[in-house]
$ cat target37.cif   # mmCIF, C-alpha atoms
data_my_file
loop_
_atom_site.group_PDB
_atom_site.id
_atom_site.type_symbol
_atom_site.label_atom_id
_atom_site.label_comp_id
_atom_site.auth_asym_id
_atom_site.auth_seq_id
_atom_site.Cartn_x
_atom_site.Cartn_y
_atom_site.Cartn_z
ATOM 1 C CA MET C 20 0.000 0.000 0.000
ATOM 2 C CA LEU C 21 1.132 3.525 -0.712
ATOM 3 C CA GLU C 22 2.943 5.346 2.053
ATOM 4 C CA PHE C 23 1.721 8.855 2.716
ATOM 5 C CA THR C 24 4.384 11.394 1.973
ATOM 6 C CA TYR C 25 2.389 14.058 3.761
ATOM 7 C CA LYS C 26 0.575 14.405 7.018
ATOM 8 C CA ALA C 27 -3.064 15.037 6.601
ATOM 9 C CA HIS C 28 -6.376 14.851 8.272
ATOM 10 C CA CYS C 29 -8.749 13.349 5.758
ATOM 11 C CA ASP C 30 -12.466 12.775 5.619
ATOM 12 C CA LEU C 31 -13.653 9.883 3.529
ATOM 13 C CA LEU C 32 -16.146 11.016 0.922
ATOM 14 C CA GLY C 33 -16.698 7.769 -0.882
ATOM 15 C CA LYS C 34 -15.379 4.426 -1.979
ATOM 16 C CA PHE C 35 -16.159 3.027 -5.415
ATOM 17 C CA LYS C 36 -15.302 0.103 -7.632
ATOM 18 C CA ILE C 37 -14.320 0.303 -11.274
ATOM 19 C CA ASP C 38 -15.486 -2.943 -12.835
ATOM 20 C CA THR C 39 -17.007 -1.824 -16.113
ATOM 21 C CA GLU C 40 -16.715 1.018 -18.632
ATOM 22 C CA TYR C 41 -19.901 2.458 -17.188
ATOM 23 C CA ASP C 42 -18.257 2.752 -13.771
ATOM 24 C CA ILE C 43 -15.582 4.964 -15.344
ATOM 25 C CA VAL C 44 -18.315 7.399 -16.368
ATOM 26 C CA THR C 45 -20.360 7.364 -13.162
ATOM 27 C CA VAL C 46 -17.391 7.626 -10.790
ATOM 28 C CA ARG C 47 -15.768 10.471 -12.732
ATOM 29 C CA GLN C 48 -19.120 12.296 -12.591
ATOM 30 C CA THR C 49 -19.221 11.727 -8.834
ATOM 31 C CA ILE C 50 -15.734 13.183 -8.468
ATOM 32 C CA ARG C 51 -16.710 16.236 -10.493
ATOM 33 C CA GLN C 52 -19.615 16.765 -8.116
ATOM 34 C CA TYR C 53 -17.292 16.589 -5.086
ATOM 35 C CA ALA C 54 -14.931 19.075 -6.751
ATOM 36 C CA LYS C 55 -17.873 21.384 -7.387
ATOM 37 C CA ASP C 56 -19.107 21.011 -3.809
ATOM 38 C CA MET C 57 -15.650 21.984 -2.553
ATOM 39 C CA GLY C 58 -15.891 25.197 -4.532
ATOM 40 C CA MET C 59 -13.414 24.415 -7.312
ATOM 41 C CA GLY C 60 -13.765 26.455 -10.491
ATOM 42 C CA ILE C 61 -14.924 24.945 -13.751
ATOM 43 C CA VAL C 62 -11.395 24.488 -15.158
ATOM 44 C CA ASP C 63 -10.157 22.666 -12.052
ATOM 45 C CA GLN C 64 -13.291 20.525 -12.024
ATOM 46 C CA THR C 65 -12.542 19.578 -15.616
ATOM 47 C CA ARG C 66 -8.867 18.916 -14.852
ATOM 48 C CA ILE C 67 -9.524 16.514 -11.990
ATOM 49 C CA THR C 68 -12.363 14.786 -13.858
ATOM 50 C CA THR C 69 -10.148 14.254 -16.903
ATOM 51 C CA ALA C 70 -7.204 13.071 -14.807
ATOM 52 C CA VAL C 71 -9.274 10.454 -12.979
ATOM 53 C CA SER C 72 -10.815 9.343 -16.253
ATOM 54 C CA GLU C 73 -7.326 8.575 -17.603
ATOM 55 C CA LEU C 74 -6.442 6.628 -14.484
ATOM 56 C CA PHE C 75 -9.689 4.686 -14.363
ATOM 57 C CA ARG C 76 -9.216 3.643 -17.959
ATOM 58 C CA ASN C 77 -5.672 2.491 -17.213
ATOM 59 C CA MET C 78 -6.976 0.440 -14.293
ATOM 60 C CA TYR C 79 -9.750 -1.010 -16.394
ATOM 61 C CA ASN C 80 -7.535 -1.841 -19.387
ATOM 62 C CA TYR C 81 -4.468 -3.168 -17.615
ATOM 63 C CA ALA C 82 -5.775 -4.524 -14.320
ATOM 64 C CA GLY C 83 -9.384 -5.327 -15.176
ATOM 65 C CA GLY C 84 -10.567 -2.712 -12.713
ATOM 66 C CA GLY C 85 -9.858 -1.566 -9.213
ATOM 67 C CA GLU C 86 -10.943 0.513 -6.291
ATOM 68 C CA VAL C 87 -11.255 4.271 -5.879
ATOM 69 C CA LEU C 88 -11.104 6.122 -2.594
ATOM 70 C CA ILE C 89 -12.201 9.737 -2.515
ATOM 71 C CA GLU C 90 -11.190 11.914 0.407
ATOM 72 C CA ARG C 91 -11.133 15.513 1.354
ATOM 73 C CA GLY C 92 -8.494 16.951 3.635
ATOM 74 C CA GLU C 93 -5.957 19.599 4.514
ATOM 75 C CA VAL C 94 -2.611 19.038 2.817
ATOM 76 C CA GLU C 95 0.211 21.558 3.160
ATOM 77 C CA ASN C 96 -2.300 24.278 4.005
ATOM 78 C CA HIS C 97 -4.455 23.523 1.005
ATOM 79 C CA HIS C 98 -7.998 22.224 0.911
ATOM 80 C CA ALA C 99 -7.436 19.106 -1.134
ATOM 81 C CA LEU C 100 -9.565 16.630 -2.974
ATOM 82 C CA ILE C 101 -7.692 13.349 -2.815
ATOM 83 C CA VAL C 102 -8.347 10.433 -5.138
ATOM 84 C CA THR C 103 -6.586 7.133 -4.585
ATOM 85 C CA CYS C 104 -6.828 4.365 -7.188
ATOM 86 C CA THR C 105 -5.741 0.872 -6.251
ATOM 87 C CA ASP C 106 -5.655 -2.179 -8.463
ATOM 88 C CA GLN C 107 -4.466 -5.745 -8.186
ATOM 89 C CA GLY C 108 -3.155 -5.808 -11.728
ATOM 90 C CA PRO C 109 0.194 -6.901 -13.156
ATOM 91 C CA GLY C 110 1.984 -3.805 -11.848
ATOM 92 C CA ILE C 111 4.208 -1.435 -13.772
ATOM 93 C CA GLU C 112 7.698 -2.652 -14.504
ATOM 94 C CA ASP C 113 9.331 0.687 -15.091
ATOM 95 C CA ILE C 114 7.442 3.588 -13.522
ATOM 96 C CA GLU C 115 9.832 6.188 -14.881
ATOM 97 C CA LEU C 116 9.197 4.917 -18.384
ATOM 98 C CA ALA C 117 5.432 4.790 -17.829
ATOM 99 C CA MET C 118 5.573 8.417 -16.701
ATOM 100 C CA THR C 119 7.328 9.473 -19.914
ATOM 101 C CA ASP C 120 5.278 11.498 -22.358
ATOM 102 C CA GLY C 121 4.261 9.513 -25.373
ATOM 103 C CA TYR C 122 5.207 6.157 -23.904
ATOM 104 C CA THR C 123 2.629 3.434 -24.293
ATOM 105 C CA SER C 124 2.693 -0.250 -23.617
ATOM 106 C CA GLY C 125 0.480 -0.763 -26.616
ATOM 107 C CA GLN C 126 -3.212 -0.156 -25.963
ATOM 108 C CA GLY C 127 -3.186 3.558 -25.411
ATOM 109 C CA MET C 128 -1.506 6.532 -26.949
ATOM 110 C CA GLY C 129 0.686 7.239 -23.973
ATOM 111 C CA TYR C 130 -1.166 10.192 -22.513
ATOM 112 C CA GLY C 131 -2.562 8.402 -19.484
ATOM 113 C CA LEU C 132 -0.152 8.805 -16.586
ATOM 114 C CA PRO C 133 2.009 11.805 -17.556
ATOM 115 C CA GLY C 134 -1.062 13.641 -18.836
ATOM 116 C CA ALA C 135 -2.999 12.998 -15.634
ATOM 117 C CA LYS C 136 -0.009 14.146 -13.590
ATOM 118 C CA ARG C 137 0.035 17.522 -15.323
ATOM 119 C CA LEU C 138 -3.631 18.081 -14.490
ATOM 120 C CA VAL C 139 -3.321 17.720 -10.716
ATOM 121 C CA ASP C 140 -1.297 19.329 -7.909
ATOM 122 C CA ARG C 141 0.136 16.146 -6.404
ATOM 123 C CA PHE C 142 0.675 12.820 -8.057
ATOM 124 C CA GLU C 143 2.137 9.763 -6.385
ATOM 125 C CA ILE C 144 2.482 6.299 -7.777
ATOM 126 C CA GLN C 145 3.613 2.996 -6.365
ATOM 127 C CA SER C 146 3.644 -0.304 -8.093
ATOM 128 C CA LYS C 147 4.782 -3.816 -7.463
ATOM 129 C CA LEU C 148 5.013 -6.449 -10.169
ATOM 130 C CA LYS C 149 2.270 -9.087 -9.946
ATOM 131 C CA GLU C 150 0.729 -7.277 -6.981
ATOM 132 C CA GLY C 151 -0.714 -4.089 -8.337
ATOM 133 C CA THR C 152 -0.512 -0.345 -8.578
ATOM 134 C CA THR C 153 -1.676 2.530 -6.404
ATOM 135 C CA VAL C 154 -1.933 6.069 -7.647
ATOM 136 C CA ARG C 155 -2.836 9.004 -5.451
ATOM 137 C CA MET C 156 -3.749 12.353 -6.914
ATOM 138 C CA MET C 157 -4.593 15.585 -5.162
ATOM 139 C CA LYS C 158 -6.163 18.741 -6.423
ATOM 140 C CA TRP C 159 -6.098 21.918 -4.357
ATOM 141 C CA LYS C 160 -9.206 23.996 -3.993
ATOM 142 C CA MET O 22 -30.571 6.828 -15.848
ATOM 143 C CA ASN O 23 -29.412 3.821 -17.764
ATOM 144 C CA LEU O 24 -26.045 4.334 -19.395
ATOM 145 C CA HIS O 25 -26.409 1.153 -21.378
ATOM 146 C CA GLU O 26 -29.298 2.459 -23.413
ATOM 147 C CA LYS O 27 -27.947 5.836 -24.442
ATOM 148 C CA ARG O 28 -27.954 6.585 -28.142
ATOM 149 C CA ILE O 29 -26.623 9.595 -29.942
ATOM 150 C CA PRO O 30 -28.791 10.880 -32.796
ATOM 151 C CA ILE O 31 -27.382 11.638 -36.238
ATOM 152 C CA ILE O 32 -29.473 14.208 -38.078
ATOM 153 C CA LYS O 33 -29.217 14.745 -41.816
ATOM 154 C CA ILE O 34 -29.851 18.239 -43.220
ATOM 155 C CA HIS O 35 -29.168 18.667 -46.948
ATOM 156 C CA ASP O 36 -25.515 17.688 -47.501
ATOM 157 C CA TYR O 37 -24.657 17.637 -43.837
ATOM 158 C CA LEU O 38 -24.878 15.362 -40.857
ATOM 159 C CA ILE O 39 -25.350 16.912 -37.441
ATOM 160 C CA VAL O 40 -24.292 14.950 -34.408
ATOM 161 C CA PRO O 41 -25.175 16.491 -31.065
ATOM 162 C CA ILE O 42 -23.305 14.612 -28.355
ATOM 163 C CA GLN O 43 -25.329 15.255 -25.252
ATOM 164 C CA VAL O 44 -24.223 12.491 -22.943
ATOM 165 C CA ASP O 45 -21.050 11.715 -21.058
ATOM 166 C CA MET O 46 -19.845 8.903 -23.313
ATOM 167 C CA HIS O 47 -18.355 5.669 -22.100
ATOM 168 C CA ASP O 48 -15.753 4.105 -24.371
ATOM 169 C CA LYS O 49 -18.016 1.624 -26.140
ATOM 170 C CA LEU O 50 -20.540 4.321 -26.937
ATOM 171 C CA ALA O 51 -17.754 6.478 -28.414
ATOM 172 C CA ILE O 52 -16.553 3.646 -30.647
ATOM 173 C CA GLN O 53 -20.104 2.814 -31.641
ATOM 174 C CA LEU O 54 -20.736 6.444 -32.558
ATOM 175 C CA GLN O 55 -17.663 6.451 -34.764
ATOM 176 C CA SER O 56 -18.862 3.574 -36.912
ATOM 177 C CA GLN O 57 -22.428 4.853 -36.850
ATOM 178 C CA ILE O 58 -21.318 8.181 -38.335
ATOM 179 C CA LEU O 59 -19.220 6.476 -41.026
ATOM 180 C CA GLU O 60 -22.138 4.264 -42.029
ATOM 181 C CA GLU O 61 -24.371 7.294 -42.197
ATOM 182 C CA ILE O 62 -21.823 9.117 -44.405
ATOM 183 C CA ALA O 63 -21.807 6.176 -46.806
ATOM 184 C CA LYS O 64 -25.581 5.919 -46.811
ATOM 185 C CA THR O 65 -26.420 9.611 -47.227
ATOM 186 C CA ARG O 66 -23.320 10.702 -49.163
ATOM 187 C CA ALA O 67 -23.060 13.638 -46.804
ATOM 188 C CA LYS O 68 -20.351 16.148 -47.662
ATOM 189 C CA GLY O 69 -19.809 17.381 -44.150
ATOM 190 C CA VAL O 70 -20.296 16.364 -40.541
ATOM 191 C CA LEU O 71 -20.793 18.732 -37.611
ATOM 192 C CA ILE O 72 -20.135 17.177 -34.242
ATOM 193 C CA ASP O 73 -21.499 19.364 -31.471
ATOM 194 C CA ILE O 74 -19.710 18.833 -28.166
ATOM 195 C CA SER O 75 -20.929 22.006 -26.455
ATOM 196 C CA VAL O 76 -22.477 20.133 -23.546
ATOM 197 C CA LEU O 77 -19.511 17.799 -23.030
ATOM 198 C CA GLU O 78 -17.920 18.727 -19.717
ATOM 199 C CA MET O 79 -14.873 16.590 -20.311
ATOM 200 C CA VAL O 80 -12.863 15.203 -23.215
ATOM 201 C CA ASP O 81 -10.202 12.750 -22.132
ATOM 202 C CA SER O 82 -7.548 11.161 -24.330
ATOM 203 C CA PHE O 83 -9.882 8.382 -25.413
ATOM 204 C CA ILE O 84 -12.677 10.645 -26.605
ATOM 205 C CA GLY O 85 -10.135 13.055 -28.112
ATOM 206 C CA ARG O 86 -8.580 10.221 -30.040
ATOM 207 C CA MET O 87 -12.006 9.049 -31.165
ATOM 208 C CA LEU O 88 -12.803 12.518 -32.504
ATOM 209 C CA SER O 89 -9.541 12.897 -34.422
ATOM 210 C CA GLY O 90 -9.807 9.332 -35.738
ATOM 211 C CA MET O 91 -13.300 10.172 -36.864
ATOM 212 C CA ALA O 92 -12.011 13.189 -38.813
ATOM 213 C CA SER O 93 -9.293 11.160 -40.587
ATOM 214 C CA MET O 94 -11.686 8.354 -41.498
ATOM 215 C CA ALA O 95 -14.265 10.790 -42.835
ATOM 216 C CA ALA O 96 -11.554 12.567 -44.859
ATOM 217 C CA ILE O 97 -10.749 9.272 -46.573
ATOM 218 C CA MET O 98 -14.435 9.057 -47.430
ATOM 219 C CA ASP O 99 -14.250 12.576 -48.930
ATOM 220 C CA THR O 100 -16.216 14.166 -46.096
ATOM 221 C CA SER O 101 -15.145 17.001 -43.804
ATOM 222 C CA VAL O 102 -15.681 16.904 -40.072
ATOM 223 C CA VAL O 103 -15.925 19.998 -37.910
ATOM 224 C CA ILE O 104 -16.059 19.781 -34.132
ATOM 225 C CA VAL O 105 -18.142 22.625 -32.766
ATOM 226 C CA GLY O 106 -18.720 24.254 -29.404
ATOM 227 C CA MET O 107 -15.841 22.974 -27.300
ATOM 228 C CA GLN O 108 -16.050 24.496 -23.819
ATOM 229 C CA PRO O 109 -13.039 26.642 -22.807
ATOM 230 C CA ALA O 110 -12.309 24.436 -19.778
ATOM 231 C CA VAL O 111 -12.249 21.386 -22.046
ATOM 232 C CA ALA O 112 -9.845 23.077 -24.477
ATOM 233 C CA ILE O 113 -7.505 24.081 -21.627
ATOM 234 C CA THR O 114 -7.523 20.572 -20.200
ATOM 235 C CA LEU O 115 -6.895 18.906 -23.573
ATOM 236 C CA VAL O 116 -3.796 21.023 -24.157
ATOM 237 C CA GLU O 117 -2.475 20.387 -20.640
ATOM 238 C CA LEU O 118 -3.103 16.697 -21.070
ATOM 239 C CA GLY O 119 -0.812 16.895 -24.092
ATOM 240 C CA LEU O 120 -3.318 15.636 -26.580
ATOM 241 C CA GLU O 121 -2.928 17.016 -30.041
ATOM 242 C CA MET O 122 -5.702 16.525 -32.507
ATOM 243 C CA PRO O 123 -4.046 16.815 -35.907
ATOM 244 C CA GLY O 124 -6.348 17.352 -38.833
ATOM 245 C CA VAL O 125 -9.319 18.220 -36.673
ATOM 246 C CA ASP O 126 -11.173 21.375 -37.634
ATOM 247 C CA THR O 127 -13.042 23.217 -34.939
ATOM 248 C CA ALA O 128 -15.526 26.059 -34.860
ATOM 249 C CA LEU O 129 -16.948 28.092 -32.018
ATOM 250 C CA ASN O 130 -20.537 27.156 -32.700
ATOM 251 C CA MET O 131 -22.833 25.327 -35.069
ATOM 252 C CA GLU O 132 -23.381 28.365 -37.294
ATOM 253 C CA LYS O 133 -19.658 29.022 -37.766
ATOM 254 C CA GLY O 134 -19.073 25.319 -38.337
ATOM 255 C CA MET O 135 -21.724 25.239 -41.034
ATOM 256 C CA GLU O 136 -20.169 28.269 -42.754
ATOM 257 C CA MET O 137 -16.794 26.554 -42.646
ATOM 258 C CA LEU O 138 -18.176 23.467 -44.364
ATOM 259 C CA GLU O 139 -20.005 25.512 -46.972
ATOM 260 C CA ARG O 140 -16.887 27.506 -47.817
ATOM 261 C CA ARG O 141 -14.934 24.324 -48.191
ATOM 262 C CA LEU O 142 -17.547 22.710 -50.385
ATOM 263 C CA ASN O 143 -17.755 25.775 -52.633
ATOM 264 C CA SER O 144 -13.997 26.084 -53.060
ATOM 265 C CA ARG O 145 -13.851 22.423 -53.968
ATOM 266 C CA LYS O 146 -16.532 22.946 -56.642
ATOM 267 C CA THR O 147 -14.521 25.813 -58.148
ATOM 268 C CA ASP O 148 -11.317 23.750 -58.028
ATOM 269 C CA SER O 149 -12.814 20.987 -60.085
ATOM 270 C CA PHE O 150 -13.512 23.234 -63.086
#
$ encode --input "target37.cif" --output "structure tokens"
Amino acid sequence: MLEFTYKAHCDLLGKFKIDTEYDIVTVRQTIRQYAKDMGMGIVDQTRITTAVSELFRNMYNYAGGGEVLIERGEVENHHALIVTCTDQGPGIEDIELAMTDGYTSGQGMGYGLPGAKRLVDRFEIQSKLKEGTTVRMMKWK
Amino acid sequence: MNLHEKRIPIIKIHDYLIVPIQVDMHDKLAIQLQSQILEEIAKTRAKGVLIDISVLEMVDSFIGRMLSGMASMAAIMDTSVVIVGMQPAVAITLVELGLEMPGVDTALNMEKGMEMLERRLNSRKTDSF
């Protein structure tokens, strides 16, 4: 499991499963609603929604799905929306490579991870071969 | 709301097809729409397609890729595609995501998109003389 690199007090907003393509749509809509409720502007709402959409699709394509934890908390004096995606997929062999723009292992076009990273304020990833991958993203209000 | 049963209408007006995307598309729906539009182009011999995405609150790399793929496929079938009404927040996010959409023509709204297609059609008519 991912180690927190920050100290935070978090409130759990929701826990969801990504099992189908439809879940990708409904959970990203839910996250947009949370972002809106927190008072984020329309561009930030769009950024976080797009970033999670990329991650959910990665989880769905490479790991057959996974779990999404949505929290709200104070991180480094920011109001943060925190989304953690965990899967039990094959894991990523070379994270640095996977985070390189334009790199793809075949199914995508290579925008997924590096693209998502650019859209959020914090991006952390941990992966272990044959065990799975956890990605945590944060967006400041 | 049942996501499984969503369908996107394709409306034919004269030489054009109008496709108002008014739902948050899941991947299968996006792929289905792509082939649906191509079939409709073949059937109606439409010269232009206007895809209205003004109510789309998000375009991720998958949908972006679907739209640019759509434009290239239609071009091979001698039809122009114009994407109209992209929201500013969507445009900002697409650029930050790093997605380029080569060969995709865009217009601010349906009216401007229609003018764009008409201009193109007319210049092509003149060219052929």
$ residues_around --input "target37.cif" --residues "O:Gln53" --least-positions-apart "3" --cutoff "12 Å" --atoms "all atoms listed in the file" --output "list in words"
Lys27, Arg28, Ile29, Pro30, Met46, His47, Asp48, Lys49, Leu50, Ser56, Gln57, Ile58, Leu59, Glu60, Ile84, Met87 and Met91 of chain O
$ atom_distance --input "target37.cif" --atom1 "atom CA of O:Lys68" --atom2 "atom CA of O:Val116"
29.2 Å
$ closest_atom_pairs --input "target37.cif" --of "chain C" --to "chain O" --cutoff "8 Å" --atoms "all atoms listed in the file" --output "CSV"
residue,atom,partner,partner_atom,distance
C:Glu40,CA,O:His47,CA,6.0
C:Tyr41,CA,O:His47,CA,6.1
C:Ile43,CA,O:His47,CA,7.3
C:Val44,CA,O:His47,CA,6.0
C:Ile61,CA,O:Ala110,CA,6.6
C:Val62,CA,O:Ala110,CA,4.7
C:Thr65,CA,O:Met79,CA,6.0
C:Arg66,CA,O:Thr114,CA,5.8
C:Thr68,CA,O:Met79,CA,7.2
C:Thr69,CA,O:Asp81,CA,5.4
C:Ala70,CA,O:Asp81,CA,7.9
C:Ser72,CA,O:Asp81,CA,6.8
C:Glu73,CA,O:Asp81,CA,6.8
C:Tyr130,CA,O:Ser82,CA,6.7
C:Gly131,CA,O:Ser82,CA,7.5
C:Pro133,CA,O:Leu118,CA,7.9
C:Gly134,CA,O:Leu118,CA,4.3
C:Ala135,CA,O:Leu118,CA,6.6
C:Arg137,CA,O:Glu117,CA,6.5
C:Leu138,CA,O:Glu117,CA,6.7
$ resolve_selection --input "target37.cif" --expression "the PyMOL selection byres ((chain C and resi 109) around 10)" --output "PyMOL selection string"
chain C and resi 81-83+106-108+110-112+146-152
$ write_last_selection --input "target37.cif" --atoms "C-alpha atoms" --output "PDB file, in the coordinates of the input"
ATOM      1  CA  TYR C  81      -4.468  -3.168 -17.615  1.00  0.00           C
ATOM      2  CA  ALA C  82      -5.775  -4.524 -14.320  1.00  0.00           C
ATOM      3  CA  GLY C  83      -9.384  -5.327 -15.176  1.00  0.00           C
ATOM      4  CA  ASP C 106      -5.655  -2.179  -8.463  1.00  0.00           C
ATOM      5  CA  GLN C 107      -4.466  -5.745  -8.186  1.00  0.00           C
ATOM      6  CA  GLY C 108      -3.155  -5.808 -11.728  1.00  0.00           C
ATOM      7  CA  GLY C 110       1.984  -3.805 -11.848  1.00  0.00           C
ATOM      8  CA  ILE C 111       4.208  -1.435 -13.772  1.00  0.00           C
ATOM      9  CA  GLU C 112       7.698  -2.652 -14.504  1.00  0.00           C
ATOM     10  CA  SER C 146       3.644  -0.304  -8.093  1.00  0.00           C
ATOM     11  CA  LYS C 147       4.782  -3.816  -7.463  1.00  0.00           C
ATOM     12  CA  LEU C 148       5.013  -6.449 -10.169  1.00  0.00           C
ATOM     13  CA  LYS C 149       2.270  -9.087  -9.946  1.00  0.00           C
ATOM     14  CA  GLU C 150       0.729  -7.277  -6.981  1.00  0.00           C
ATOM     15  CA  GLY C 151      -0.714  -4.089  -8.337  1.00  0.00           C
ATOM     16  CA  THR C 152      -0.512  -0.345  -8.578  1.00  0.00           C
TER      17      THR C 152
END
$ atom_distance --input "target37.cif" --atom1 "atom CA of C:Lys136" --atom2 "atom CA of C:Met118"
8.6 Å
$ residues_near_point --input "target37.cif" --point "(-15.1, -1.1, -10.2)" --cutoff "7 Å" --atoms "all atoms listed in the file" --output "ChimeraX atom specification"
/C:35-39,42,84-86
$ atom_distance --input "target37.cif" --atom1 "atom CA of O:Lys133" --atom2 "atom CA of O:Gly106"
9.7 Å
$ residues_around --input "target37.cif" --residues "O:Leu129" --least-positions-apart "4" --cutoff "12 Å" --atoms "only C-alpha atoms" --output "VMD selection string"
chain O and resid 71 to 75 103 to 109 112 133 to 137
$ resolve_selection --input "target37.cif" --expression "the PyMOL selection byres ((chain C and resi 153) around 6)" --output "PDB file with C-alpha atoms, in the frame of the given file"
ATOM      1  CA  CYS C 104      -6.828   4.365  -7.188  1.00  0.00           C
ATOM      2  CA  THR C 105      -5.741   0.872  -6.251  1.00  0.00           C
ATOM      3  CA  ILE C 144       2.482   6.299  -7.777  1.00  0.00           C
ATOM      4  CA  GLN C 145       3.613   2.996  -6.365  1.00  0.00           C
ATOM      5  CA  THR C 152      -0.512  -0.345  -8.578  1.00  0.00           C
ATOM      6  CA  VAL C 154      -1.933   6.069  -7.647  1.00  0.00           C
TER       7      VAL C 154
END
$ residues_near_point --input "target37.cif" --point "(-2.2, 18.6, -5.2)" --cutoff "10 Å" --atoms "only C-alpha atoms" --output "ChimeraX atom specification"
/C:94-95,97-101,136,138-143,155-160
$ closest_residue --input "target37.cif" --among "O:His35, O:Val44, O:Lys64, O:Val70" --to "C:Thr45" --atoms "all atoms listed in the file"
O:Val44
$ closest_residue --input "target37.cif" --among "O:Ala95, O:Arg140, O:Ser101, O:Leu88" --to "O:Pro123" --atoms "all atoms listed in the file"
O:Leu88
$ resolve_selection --input "target37.cif" --expression "the PyMOL selection byres ((chain C and resi 49) around 12)" --output "ChimeraX atom specification"
/C:32-35,42-48,50-56,64,67-68,71-72,87-89,102
$ closest_residue --input "target37.cif" --among "O:Met94, O:Leu138, O:Val102, O:Ala67" --to "O:Tyr37" --atoms "all atoms listed in the file"
O:Ala67
$ build_atoms --input "target37.cif" --residues "stretch 63-80 of chain O" --atoms "N, CA and C atoms" --output "JSON list (two decimals), keeping the file's coordinate frame"
[["chain", "number", "residue", "atom", "x", "y", "z"],
["O", 63, "ALA", "N", -21.71, 7.02, -45.62],
["O", 63, "ALA", "CA", -21.81, 6.18, -46.81],
["O", 63, "ALA", "C", -23.23, 6.14, -47.34],
["O", 64, "LYS", "N", -24.17, 6.05, -46.43],
["O", 64, "LYS", "CA", -25.58, 5.92, -46.81],
["O", 64, "LYS", "C", -26.13, 7.21, -47.43],
["O", 65, "THR", "N", -25.80, 8.35, -46.80],
["O", 65, "THR", "CA", -26.42, 9.61, -47.23],
["O", 65, "THR", "C", -25.54, 10.40, -48.18],
["O", 66, "ARG", "N", -24.32, 9.97, -48.37],
["O", 66, "ARG", "CA", -23.32, 10.70, -49.16],
["O", 66, "ARG", "C", -23.16, 12.14, -48.67],
["O", 67, "ALA", "N", -23.21, 12.31, -47.40],
["O", 67, "ALA", "CA", -23.06, 13.64, -46.80],
["O", 67, "ALA", "C", -21.68, 14.19, -47.13],
["O", 68, "LYS", "N", -21.62, 15.51, -47.32],
["O", 68, "LYS", "CA", -20.35, 16.15, -47.66],
["O", 68, "LYS", "C", -19.65, 16.73, -46.44],
["O", 69, "GLY", "N", -20.41, 16.83, -45.36],
["O", 69, "GLY", "CA", -19.81, 17.38, -44.15],
["O", 69, "GLY", "C", -20.49, 16.86, -42.90],
["O", 70, "VAL", "N", -19.73, 16.82, -41.81],
["O", 70, "VAL", "CA", -20.30, 16.36, -40.54],
["O", 70, "VAL", "C", -19.97, 17.41, -39.47],
["O", 71, "LEU", "N", -21.00, 17.81, -38.73],
["O", 71, "LEU", "CA", -20.79, 18.73, -37.61],
["O", 71, "LEU", "C", -21.02, 17.96, -36.32],
["O", 72, "ILE", "N", -19.98, 17.87, -35.52],
["O", 72, "ILE", "CA", -20.14, 17.18, -34.24],
["O", 72, "ILE", "C", -20.18, 18.23, -33.14],
["O", 73, "ASP", "N", -21.32, 18.34, -32.49],
["O", 73, "ASP", "CA", -21.50, 19.36, -31.47],
["O", 73, "ASP", "C", -21.16, 18.80, -30.09],
["O", 74, "ILE", "N", -20.10, 19.34, -29.49],
["O", 74, "ILE", "CA", -19.71, 18.83, -28.17],
["O", 74, "ILE", "C", -19.89, 19.91, -27.09],
["O", 75, "SER", "N", -20.80, 20.86, -27.37],
["O", 75, "SER", "CA", -20.93, 22.01, -26.46],
["O", 75, "SER", "C", -21.40, 21.62, -25.06],
["O", 76, "VAL", "N", -22.07, 20.50, -24.91],
["O", 76, "VAL", "CA", -22.48, 20.13, -23.55],
["O", 76, "VAL", "C", -21.50, 19.14, -22.90],
["O", 77, "LEU", "N", -20.47, 18.72, -23.63],
["O", 77, "LEU", "CA", -19.51, 17.80, -23.03],
["O", 77, "LEU", "C", -18.65, 18.55, -22.01],
["O", 78, "GLU", "N", -18.67, 18.05, -20.78],
["O", 78, "GLU", "CA", -17.92, 18.73, -19.72],
["O", 78, "GLU", "C", -16.49, 18.21, -19.62],
["O", 79, "MET", "N", -16.18, 17.19, -20.40],
["O", 79, "MET", "CA", -14.87, 16.59, -20.31],
["O", 79, "MET", "C", -14.55, 15.84, -21.60],
["O", 80, "VAL", "N", -13.34, 16.03, -22.11],
["O", 80, "VAL", "CA", -12.86, 15.20, -23.22],
["O", 80, "VAL", "C", -11.52, 14.64, -22.77]]
